[in-house]
file protein-v6.csv (CSV, C-alpha atoms)
chain,number,residue,atom,x,y,z
A,1,MET,CA,10.6,1.4,4.3
A,2,TRP,CA,13.0,1.7,1.3
A,3,GLN,CA,16.4,0.5,0.3
A,4,TYR,CA,18.6,2.0,-2.4
A,5,GLU,CA,20.4,-0.2,-5.0
A,6,LYS,CA,23.5,1.2,-6.6
A,7,LYS,CA,22.5,0.5,-10.2
A,8,LEU,CA,20.2,1.7,-12.9
A,9,GLN,CA,17.2,-0.3,-13.9
A,10,TYR,CA,18.3,-0.1,-17.6
A,11,PRO,CA,21.7,1.1,-18.9
A,12,VAL,CA,22.2,4.8,-19.8
A,13,LYS,CA,25.4,5.4,-21.8
A,14,ILE,CA,25.3,8.6,-23.9
A,15,LYS,CA,28.5,9.5,-25.6
A,16,THR,CA,27.6,13.0,-26.9
A,17,PRO,CA,26.4,15.9,-24.7
A,18,ASN,CA,23.3,17.6,-26.1
A,19,ALA,CA,21.8,20.6,-24.3
A,20,LYS,CA,18.8,20.8,-26.7
A,21,LEU,CA,17.7,17.3,-25.9
A,22,ALA,CA,18.3,17.8,-22.1
A,23,LYS,CA,15.9,20.8,-22.3
A,24,ILE,CA,13.2,18.5,-23.7
A,25,ILE,CA,13.7,15.3,-21.7
A,26,ILE,CA,13.8,17.2,-18.4
A,27,SER,CA,10.0,17.2,-18.7
A,28,GLN,CA,10.0,13.6,-17.7
A,29,LEU,CA,11.8,14.5,-14.5
A,30,GLY,CA,9.7,17.4,-13.3
A,31,GLY,CA,6.9,17.8,-15.8
A,32,PRO,CA,3.2,17.2,-15.7
A,33,ASP,CA,3.4,13.5,-16.9
A,34,GLY,CA,6.9,12.9,-15.5
A,35,GLU,CA,8.4,10.1,-13.4
A,36,LEU,CA,8.3,12.1,-10.1
A,37,SER,CA,4.6,12.8,-10.3
A,38,ALA,CA,4.0,9.2,-11.3
A,39,SER,CA,5.9,7.9,-8.2
A,40,LEU,CA,4.3,10.3,-5.8
A,41,ARG,CA,0.8,9.6,-7.3
A,42,TYR,CA,1.0,5.9,-6.6
A,43,LEU,CA,2.8,6.0,-3.3
A,44,ASN,CA,0.2,8.5,-2.0
A,45,GLN,CA,-2.8,6.7,-3.4
A,46,ARG,CA,-2.0,3.3,-1.9
A,47,TYR,CA,-3.3,4.2,1.5
A,48,ALA,CA,-6.8,4.5,0.2
A,49,MET,CA,-6.7,1.1,-1.4
A,50,PRO,CA,-8.5,-1.7,0.5
A,51,TYR,CA,-7.3,-4.6,-1.6
A,52,GLY,CA,-3.9,-6.3,-1.0
A,53,GLU,CA,-3.2,-7.1,-4.6
A,54,VAL,CA,-3.6,-3.4,-5.6
A,55,LYS,CA,-1.8,-2.1,-2.5
A,56,GLY,CA,1.1,-4.2,-3.7
A,57,LEU,CA,0.9,-3.0,-7.3
A,58,LEU,CA,0.8,0.7,-6.3
A,59,THR,CA,3.7,0.2,-4.0
A,60,ASP,CA,5.7,-1.7,-6.6
A,61,ILE,CA,5.0,0.6,-9.5
A,62,GLY,CA,5.5,3.7,-7.3
A,63,THR,CA,8.9,2.2,-6.4
A,64,GLU,CA,9.8,1.4,-10.1
A,65,GLU,CA,8.9,5.0,-11.0
A,66,LEU,CA,11.6,6.2,-8.6
A,67,ALA,CA,14.1,4.0,-10.6
A,68,HIS,CA,12.8,5.7,-13.8
A,69,PHE,CA,13.3,9.1,-12.1
A,70,GLU,CA,16.9,8.1,-11.6
A,71,MET,CA,17.3,6.9,-15.2
A,72,ILE,CA,16.0,10.3,-16.5
A,73,SER,CA,18.4,12.0,-14.1
A,74,ALA,CA,21.2,9.9,-15.5
A,75,ILE,CA,20.2,10.8,-19.1
A,76,LEU,CA,20.2,14.5,-18.1
A,77,TYR,CA,23.5,14.2,-16.3
A,78,GLN,CA,25.2,12.6,-19.3
A,79,LEU,CA,23.5,15.0,-21.8
A,80,THR,CA,24.8,18.1,-19.8
A,81,LYS,CA,28.2,16.8,-18.7
A,82,ASP,CA,31.1,18.7,-20.3
A,83,LEU,CA,28.9,21.2,-22.3
A,84,SER,CA,30.7,24.3,-23.5
A,85,MET,CA,29.3,27.8,-22.8
A,86,GLU,CA,28.8,28.1,-26.6
A,87,GLU,CA,26.6,25.0,-26.7
A,88,ILE,CA,24.7,26.2,-23.7
A,89,LYS,CA,24.0,29.5,-25.3
A,90,ALA,CA,23.3,28.2,-28.8
A,91,ASN,CA,20.7,25.6,-27.7
A,92,GLY,CA,18.6,27.7,-25.3
A,93,PHE,CA,20.0,26.0,-22.2
A,94,ASP,CA,21.1,29.3,-20.8
A,95,THR,CA,17.7,29.9,-19.2
A,96,TYR,CA,18.1,26.7,-17.1
A,97,PHE,CA,21.8,27.3,-16.6
A,98,VAL,CA,21.3,30.7,-14.9
A,99,ASP,CA,19.3,29.1,-12.1
A,100,HIS,CA,20.8,25.6,-11.8
A,101,THR,CA,24.1,25.6,-13.8
A,102,THR,CA,24.1,21.9,-14.8
A,103,GLY,CA,22.6,20.6,-11.6
A,104,ILE,CA,19.6,18.3,-11.9
A,105,TYR,CA,16.4,20.0,-10.8
A,106,PRO,CA,12.8,18.9,-11.5
A,107,VAL,CA,11.1,21.3,-14.0
A,108,ALA,CA,8.9,20.8,-17.0
A,109,ALA,CA,10.4,21.5,-20.5
A,110,SER,CA,8.7,25.0,-20.2
A,111,GLY,CA,10.8,25.7,-17.1
A,112,THR,CA,7.8,25.4,-14.6
A,113,PRO,CA,9.1,23.8,-11.4
A,114,PHE,CA,7.7,20.5,-10.3
A,115,THR,CA,4.4,20.7,-8.4
A,116,ALA,CA,2.2,18.2,-6.6
A,117,ALA,CA,-0.7,19.8,-8.5
A,118,TYR,CA,0.3,17.4,-11.3
A,119,PHE,CA,-1.4,14.5,-9.6
A,120,GLN,CA,-4.4,13.6,-7.4
A,121,SER,CA,-5.0,11.3,-4.5
A,122,LYS,CA,-8.8,11.4,-4.3
A,123,GLY,CA,-9.5,8.8,-1.6
A,124,ASP,CA,-11.7,6.8,-4.0
A,125,ILE,CA,-10.1,3.9,-5.7
A,126,LEU,CA,-12.0,3.9,-8.9
A,127,THR,CA,-11.3,7.6,-9.4
A,128,ASP,CA,-7.6,7.0,-8.5
A,129,LEU,CA,-7.2,4.0,-10.8
A,130,GLN,CA,-8.8,5.9,-13.7
A,131,GLU,CA,-6.3,8.7,-13.2
A,132,ASP,CA,-3.4,6.1,-13.1
A,133,LEU,CA,-4.5,4.6,-16.4
A,134,ALA,CA,-4.6,8.1,-18.0
A,135,ALA,CA,-1.3,9.1,-16.4
A,136,GLU,CA,0.5,6.1,-18.0
A,137,GLN,CA,-0.9,7.0,-21.4
A,138,LYS,CA,0.1,10.6,-21.0
A,139,ALA,CA,3.6,9.6,-20.2
A,140,ARG,CA,3.6,7.2,-23.1
A,141,THR,CA,2.7,10.0,-25.5
A,142,THR,CA,5.4,12.2,-23.9
A,143,TYR,CA,8.0,9.5,-24.7
A,144,ASP,CA,6.6,9.2,-28.2
A,145,ASN,CA,7.1,12.9,-28.6
A,146,ILE,CA,10.6,12.7,-27.2
A,147,LEU,CA,11.3,9.9,-29.8
A,148,ARG,CA,10.1,12.3,-32.6
A,149,LEU,CA,12.6,14.9,-31.4
A,150,ALA,CA,15.7,12.8,-30.5
A,151,ASP,CA,17.9,11.1,-33.2
A,152,ASP,CA,20.8,10.0,-31.0
A,153,PRO,CA,20.5,6.2,-30.7
A,154,ASP,CA,22.2,6.3,-27.2
A,155,VAL,CA,19.3,8.5,-26.0
A,156,ARG,CA,16.5,6.7,-27.9
A,157,ASP,CA,17.4,3.3,-26.5
A,158,PRO,CA,16.7,4.0,-22.7
A,159,ILE,CA,13.7,6.3,-23.8
A,160,ARG,CA,12.2,3.3,-25.7
A,161,PHE,CA,12.6,1.2,-22.6
A,162,LEU,CA,10.8,3.8,-20.4
A,163,ARG,CA,8.0,4.1,-23.0
A,164,GLU,CA,7.5,0.3,-22.9
A,165,ARG,CA,7.2,0.4,-19.1
A,166,GLU,CA,4.3,2.9,-19.4
A,167,ILE,CA,2.5,0.4,-21.5
A,168,VAL,CA,3.1,-2.5,-19.1
A,169,HIS,CA,2.0,-0.3,-16.2
A,170,TYR,CA,-1.2,0.7,-18.1
A,171,GLN,CA,-1.9,-3.0,-18.6
A,172,ARG,CA,-1.4,-3.8,-14.9
A,173,PHE,CA,-3.6,-0.9,-13.8
A,174,GLY,CA,-6.3,-2.1,-16.1
A,175,GLU,CA,-6.1,-5.4,-14.3
A,176,ALA,CA,-6.1,-3.7,-10.9
A,177,LEU,CA,-9.3,-1.8,-11.9
A,178,ARG,CA,-10.9,-5.1,-12.8
A,179,ILE,CA,-9.8,-6.7,-9.5
A,180,ALA,CA,-11.4,-3.7,-7.7
A,181,GLN,CA,-14.6,-3.8,-9.7
A,182,ASP,CA,-15.0,-7.6,-9.2
A,183,LYS,CA,-15.2,-6.9,-5.5
A,184,LEU,CA,-18.0,-4.3,-6.0
A,185,ASP,CA,-21.6,-4.4,-7.0
A,186,SER,CA,-21.7,-4.7,-10.8
A,187,ARG,CA,-25.1,-3.1,-11.0
A,188,ASN,CA,-23.6,0.1,-9.6
A,189,PHE,CA,-19.9,0.3,-9.0
A,190,TYR,CA,-20.3,3.8,-7.6
A,191,ALA,CA,-23.0,3.0,-5.0
A,192,CYS,CA,-20.4,3.5,-2.3
A,193,ASN,CA,-16.8,4.4,-1.9
A,194,PRO,CA,-14.8,1.3,-0.8
A,195,SER,CA,-12.0,3.6,0.6
A,196,PHE,CA,-14.4,5.4,2.9
A,197,ASP,CA,-17.8,3.7,3.5
A,198,LYS,CA,-17.9,0.8,5.9
A,199,ASN,CA,-19.1,-2.5,4.5
A,200,CYS,CA,-18.8,-1.2,0.9
A,201,GLY,CA,-18.1,-3.9,-1.6
A,202,ARG,CA,-19.7,-6.9,0.1
A,203,LYS,CA,-22.1,-8.1,-2.5
B,1,MET,CA,3.3,-8.4,21.7
B,2,ASN,CA,3.0,-11.5,19.6
B,3,GLU,CA,6.0,-13.5,18.3
B,4,LYS,CA,5.7,-12.0,14.8
B,5,ASN,CA,5.8,-8.4,16.1
B,6,MET,CA,8.6,-9.2,18.5
B,7,LEU,CA,10.7,-10.6,15.7
B,8,LEU,CA,9.9,-7.7,13.4
B,9,SER,CA,10.8,-5.3,16.2
B,10,ARG,CA,14.2,-7.0,16.5
B,11,ILE,CA,14.7,-6.7,12.8
B,12,LYS,CA,13.9,-3.0,12.9
B,13,LYS,CA,16.4,-2.5,15.7
B,14,TYR,CA,19.1,-4.2,13.5
B,15,ASP,CA,18.0,-2.1,10.6
B,16,PHE,CA,18.3,1.2,12.5
B,17,THR,CA,21.7,0.2,13.9
B,18,LEU,CA,22.9,-0.6,10.4
B,19,LYS,CA,21.5,2.7,9.1
B,20,GLU,CA,23.4,4.6,11.7
B,21,LEU,CA,26.6,2.7,11.0
B,22,ASN,CA,26.0,3.2,7.3
B,23,LEU,CA,25.7,7.0,7.7
B,24,TYR,CA,28.7,7.2,10.0
B,25,LEU,CA,30.8,5.0,7.6
B,26,ASP,CA,29.8,7.3,4.6
B,27,THR,CA,31.9,10.0,6.3
B,28,HIS,CA,34.4,7.7,8.0
B,29,PRO,CA,35.0,5.0,5.4
B,30,ASN,CA,38.2,3.7,7.1
B,31,CYS,CA,36.9,3.3,10.6
B,32,ARG,CA,37.6,-0.4,11.3
B,33,ARG,CA,35.6,-0.5,14.5
B,34,ALA,CA,32.5,0.7,12.7
B,35,LEU,CA,33.2,-1.7,9.8
B,36,SER,CA,33.3,-4.6,12.2
B,37,MET,CA,30.1,-3.5,14.0
B,38,PHE,CA,28.4,-3.2,10.6
B,39,ARG,CA,29.4,-6.8,9.7
B,40,LYS,CA,28.2,-8.1,13.1
B,41,TYR,CA,24.7,-6.5,12.8
B,42,ARG,CA,24.4,-7.4,9.2
B,43,GLU,CA,24.8,-11.0,10.2
B,44,LEU,CA,22.3,-10.7,13.0
B,45,ARG,CA,19.8,-9.1,10.7
B,46,ARG,CA,20.3,-11.7,8.0
B,47,ASP,CA,19.5,-14.5,10.4
B,48,ALA,CA,16.5,-12.7,11.9
B,49,VAL,CA,15.1,-11.9,8.4
B,50,GLN,CA,15.5,-15.6,7.3
B,51,GLU,CA,13.6,-16.7,10.4
B,52,TYR,CA,10.9,-14.1,9.7
B,53,ASN,CA,10.5,-15.2,6.1
B,54,LYS,CA,10.2,-18.8,7.1
B,55,ARG,CA,7.6,-18.2,9.8
B,56,PHE,CA,5.7,-15.1,8.8
B,57,GLY,CA,6.3,-14.4,5.1
B,58,PRO,CA,8.2,-11.9,3.0
B,59,LEU,CA,9.5,-8.3,3.8
B,60,THR,CA,10.4,-7.8,0.1
B,61,PRO,CA,9.1,-9.3,-3.1
B,62,GLU,CA,12.4,-11.3,-3.5
B,63,GLN,CA,11.7,-13.1,-0.2
B,64,VAL,CA,8.5,-14.8,-1.3
B,65,THR,CA,9.1,-18.6,-0.9
B,66,ASP,CA,5.5,-19.9,-1.3
B,67,THR,CA,5.2,-21.9,-4.5
B,68,GLN,CA,1.4,-21.8,-4.7
B,69,SER,CA,0.7,-18.1,-4.1
B,70,TRP,CA,2.3,-14.6,-4.3
B,71,THR,CA,2.3,-13.9,-0.6
B,72,TRP,CA,3.8,-10.4,-1.1
B,73,VAL,CA,0.3,-8.9,-1.6
B,74,GLU,CA,-1.2,-10.4,1.6
B,75,ASP,CA,-2.6,-8.0,4.3
B,76,PRO,CA,-1.8,-6.4,6.6
B,77,TRP,CA,0.5,-3.6,5.2
B,78,PRO,CA,2.8,-1.7,7.5
B,79,TRP,CA,0.7,1.5,7.7
B,80,GLU,CA,-2.4,-0.3,8.9
B,81,ARG,CA,-3.7,-0.3,12.4
B,82,ARG,CA,-4.1,-4.0,13.2

call {"tool": "encode", "arguments": {"input": "protein-v6.csv", "output": "structure tokens"}}
result
Amino acid sequence: MWQYEKKLQYPVKIKTPNAKLAKIIISQLGGPDGELSASLRYLNQRYAMPYGEVKGLLTDIGTEELAHFEMISAILYQLTKDLSMEEIKANGFDTYFVDHTTGIYPVAASGTPFTAAYFQSKGDILTDLQEDLAAEQKARTTYDNILRLADDPDVRDPIRFLREREIVHYQRFGEALRIAQDKLDSRNFYACNPSFDKNCGRK
Amino acid sequence: MNEKNMLLSRIKKYDFTLKELNLYLDTHPNCRRALSMFRKYRELRRDAVQEYNKRFGPLTPEQVTDTQSWTWVEDPWPWERR
């Protein structure tokens, strides 16, 4: 079960509202490589994982992603708080505004609503871990692209923190893959599926 | 039921009581009776969790006390049938 803590993982203090930036950054809330899909990916995949170390890692990273989901929401909240109608119209935020006003709703930058189709839970740990490695890199690229588009240092600072976390998670998932492979037959890692086949992985 | 599961089941009852009081207090923040019940069950839970950590291990990563090994990742996990 889960407990909520009334704090952000890393501070978000944005002085100037900016509808244009909000329109871009919202992709990390409800977009294809966003924090919600990251969290749900790991928290769903963990049930197929036979190894305690990696059950722990998927649980802990999945939980950290929820804290990142909250940080992105805080960034969006502060970027859209006290916007004038002129700013909303001038920066193309009107297409979001018409459906959600300035409420926080998970969509991609293109406006596509969040969907579970952004992630898989394949029931095969090698497949899942390879997806997780790719997912962290895709999120890292998205943060790199956000940093190309955002000049406000108040926004860049928490975005840089989130970008760093993608790299750390990528590193840990690489180690998780090694832990899993060390338990399998090195002559053919794919001889059986340790999530499904009985006695798979006993060398 | 073994001792571990009995203690865990007691902790879950305290958790649920605290959750119910929490929700009630969210909409009745000045109810002193609920506040005092919350304090009482929080104390009971704290003691039970301490005993659990000492005898059976951590319920959260922060509760790991072992100096040799990261017992957080030990099996079984709560969704498992054993």

call {"tool": "residues_around", "arguments": {"input": "protein-v6.csv", "residues": "Tyr10 (chain A)", "least_positions_apart": "5", "cutoff": "8 Å", "atoms": "all atoms listed in the file", "output": "JSON list (two decimals) with C-alpha atoms, keeping the file's coordinate frame"}}
result
[["chain", "number", "residue", "atom", "x", "y", "z"],
["A", 71, "MET", "CA", 17.30, 6.90, -15.20],
["A", 158, "PRO", "CA", 16.70, 4.00, -22.70],
["A", 161, "PHE", "CA", 12.60, 1.20, -22.60]]

call {"tool": "residues_around", "arguments": {"input": "protein-v6.csv", "residues": "Arg39 (chain B)", "least_positions_apart": "5", "cutoff": "12 Å", "atoms": "all atoms listed in the file", "output": "MDAnalysis selection string"}}
result
chainID B and resid 14 17:18 21:22 32:34 44:46

call {"tool": "interface_residues", "arguments": {"input": "protein-v6.csv", "of": "chain B", "to": "chain A", "cutoff": "10 Å", "atoms": "all atoms listed in the file", "output": "mmCIF file with C-alpha atoms, in the frame of the given file"}}
result
data_model
loop_
_atom_site.group_PDB
_atom_site.id
_atom_site.type_symbol
_atom_site.label_atom_id
_atom_site.label_comp_id
_atom_site.auth_asym_id
_atom_site.auth_seq_id
_atom_site.Cartn_x
_atom_site.Cartn_y
_atom_site.Cartn_z
ATOM 1 C CA LEU B 59 9.500 -8.300 3.800
ATOM 2 C CA THR B 60 10.400 -7.800 0.100
ATOM 3 C CA PRO B 61 9.100 -9.300 -3.100
ATOM 4 C CA TRP B 70 2.300 -14.600 -4.300
ATOM 5 C CA THR B 71 2.300 -13.900 -0.600
ATOM 6 C CA TRP B 72 3.800 -10.400 -1.100
ATOM 7 C CA VAL B 73 0.300 -8.900 -1.600
ATOM 8 C CA GLU B 74 -1.200 -10.400 1.600
ATOM 9 C CA ASP B 75 -2.600 -8.000 4.300
ATOM 10 C CA PRO B 76 -1.800 -6.400 6.600
ATOM 11 C CA TRP B 77 0.500 -3.600 5.200
ATOM 12 C CA PRO B 78 2.800 -1.700 7.500
ATOM 13 C CA TRP B 79 0.700 1.500 7.700
ATOM 14 C CA GLU B 80 -2.400 -0.300 8.900
#

call {"tool": "residues_around", "arguments": {"input": "protein-v6.csv", "residues": "Leu58 (chain A)", "least_positions_apart": "2", "cutoff": "10 Å", "atoms": "only C-alpha atoms", "output": "list in words"}}
result
Ser39, Arg41, Tyr42, Leu43, Asn44, Gln45, Arg46, Tyr47, Met49, Gly52, Glu53, Val54, Lys55, Gly56, Asp60, Ile61, Gly62, Thr63, Glu64, Leu129, Asp132, Arg172, Phe173 and Ala176 of chain A

call {"tool": "atom_distance", "arguments": {"input": "protein-v6.csv", "atom1": "CA of Lys138 (chain A)", "atom2": "CA of Pro106 (chain A)"}}
result
17.9 Å

call {"tool": "closest_residue", "arguments": {"input": "protein-v6.csv", "among": "A:Asp144, A:Lys23, A:Lys15, A:His68", "to": "Lys81 (chain A)", "atoms": "only C-alpha atoms"}}
result
A:Lys15

call {"tool": "atom_distance", "arguments": {"input": "protein-v6.csv", "atom1": "CA of Ile24 (chain A)", "atom2": "CA of Gly174 (chain A)"}}
result
29.4 Å

call {"tool": "residues_around", "arguments": {"input": "protein-v6.csv", "residues": "Arg10 (chain B)", "least_positions_apart": "5", "cutoff": "9 Å", "atoms": "all atoms listed in the file", "output": "mmCIF file with C-alpha atoms, keeping the file's coordinate frame"}}
result
data_model
loop_
_atom_site.group_PDB
_atom_site.id
_atom_site.type_symbol
_atom_site.label_atom_id
_atom_site.label_comp_id
_atom_site.auth_asym_id
_atom_site.auth_seq_id
_atom_site.Cartn_x
_atom_site.Cartn_y
_atom_site.Cartn_z
ATOM 1 C CA ASN B 5 5.800 -8.400 16.100
ATOM 2 C CA ASP B 15 18.000 -2.100 10.600
ATOM 3 C CA ARG B 45 19.800 -9.100 10.700
ATOM 4 C CA ALA B 48 16.500 -12.700 11.900
#

call {"tool": "residues_around", "arguments": {"input": "protein-v6.csv", "residues": "Thr127 (chain A)", "least_positions_apart": "3", "cutoff": "12 Å", "atoms": "all atoms listed in the file", "output": "number ranges by chain"}}
result
A: 45, 48-49, 120-124, 130-134, 177, 180-181, 189-190, 193-195

call {"tool": "atom_distance", "arguments": {"input": "protein-v6.csv", "atom1": "CA of Ala74 (chain A)", "atom2": "CA of Glu20 (chain B)"}}
result
27.8 Å

call {"tool": "closest_residue", "arguments": {"input": "protein-v6.csv", "among": "A:Ile125, A:Ala22, A:Ala150, A:Ala117", "to": "Phe97 (chain A)", "atoms": "only C-alpha atoms"}}
result
A:Ala22

call {"tool": "residues_near_point", "arguments": {"input": "protein-v6.csv", "point": "(12.3, 12.7, -19.8)", "cutoff": "9 Å", "atoms": "only C-alpha atoms", "output": "PyMOL selection string"}}
result
chain A and resi 22+24-31+34-35+69+71-73+75-76+142-143+146+159

call {"tool": "decode", "arguments": {"input": "protein-v6.csv", "residues": "region 38-53 of chain A", "atoms": "N, CA and C atoms", "output": "mmCIF file, in the first residue's frame"}}
result
data_model
loop_
_atom_site.group_PDB
_atom_site.id
_atom_site.type_symbol
_atom_site.label_atom_id
_atom_site.label_comp_id
_atom_site.auth_asym_id
_atom_site.auth_seq_id
_atom_site.Cartn_x
_atom_site.Cartn_y
_atom_site.Cartn_z
ATOM 1 N N ALA A 38 5.409 6.131 -17.146
ATOM 2 C CA ALA A 38 6.563 5.504 -16.492
ATOM 3 C C ALA A 38 6.118 4.783 -15.221
ATOM 4 N N SER A 39 5.396 5.505 -14.372
ATOM 5 C CA SER A 39 4.964 4.928 -13.103
ATOM 6 C C SER A 39 4.112 3.680 -13.316
ATOM 7 N N LEU A 40 3.109 3.798 -14.194
ATOM 8 C CA LEU A 40 2.201 2.666 -14.410
ATOM 9 C C LEU A 40 2.931 1.495 -15.049
ATOM 10 N N ARG A 41 3.896 1.785 -15.909
ATOM 11 C CA ARG A 41 4.683 0.733 -16.547
ATOM 12 C C ARG A 41 5.352 -0.130 -15.476
ATOM 13 N N TYR A 42 6.108 0.498 -14.569
ATOM 14 C CA TYR A 42 6.887 -0.279 -13.592
ATOM 15 C C TYR A 42 5.981 -0.931 -12.547
ATOM 16 N N LEU A 43 4.958 -0.201 -12.119
ATOM 17 C CA LEU A 43 4.096 -0.761 -11.071
ATOM 18 C C LEU A 43 3.244 -1.917 -11.605
ATOM 19 N N ASN A 44 3.009 -1.953 -12.911
ATOM 20 C CA ASN A 44 2.297 -3.098 -13.493
ATOM 21 C C ASN A 44 3.239 -4.256 -13.797
ATOM 22 N N GLN A 45 4.438 -3.919 -14.239
ATOM 23 C CA GLN A 45 5.383 -4.974 -14.633
ATOM 24 C C GLN A 45 5.889 -5.784 -13.446
ATOM 25 N N ARG A 46 5.904 -5.192 -12.258
ATOM 26 C CA ARG A 46 6.602 -5.840 -11.130
ATOM 27 C C ARG A 46 6.016 -7.207 -10.770
ATOM 28 N N TYR A 47 4.762 -7.457 -11.101
ATOM 29 C CA TYR A 47 4.143 -8.741 -10.732
ATOM 30 C C TYR A 47 4.740 -9.915 -11.507
ATOM 31 N N ALA A 48 5.308 -9.650 -12.666
ATOM 32 C CA ALA A 48 5.907 -10.717 -13.481
ATOM 33 C C ALA A 48 7.360 -10.977 -13.089
ATOM 34 N N MET A 49 7.893 -10.165 -12.161
ATOM 35 C CA MET A 49 9.318 -10.241 -11.843
ATOM 36 C C MET A 49 9.589 -11.275 -10.741
ATOM 37 N N PRO A 50 10.377 -12.309 -11.026
ATOM 38 C CA PRO A 50 10.629 -13.335 -10.005
ATOM 39 C C PRO A 50 11.700 -12.966 -8.975
ATOM 40 N N TYR A 51 12.515 -11.935 -9.226
ATOM 41 C CA TYR A 51 13.669 -11.677 -8.364
ATOM 42 C C TYR A 51 13.441 -10.488 -7.439
ATOM 43 N N GLY A 52 13.641 -10.731 -6.133
ATOM 44 C CA GLY A 52 13.354 -9.741 -5.097
ATOM 45 C C GLY A 52 13.994 -8.382 -5.343
ATOM 46 N N GLU A 53 15.284 -8.401 -5.729
ATOM 47 C CA GLU A 53 15.984 -7.122 -5.944
ATOM 48 C C GLU A 53 15.248 -6.275 -6.973
#
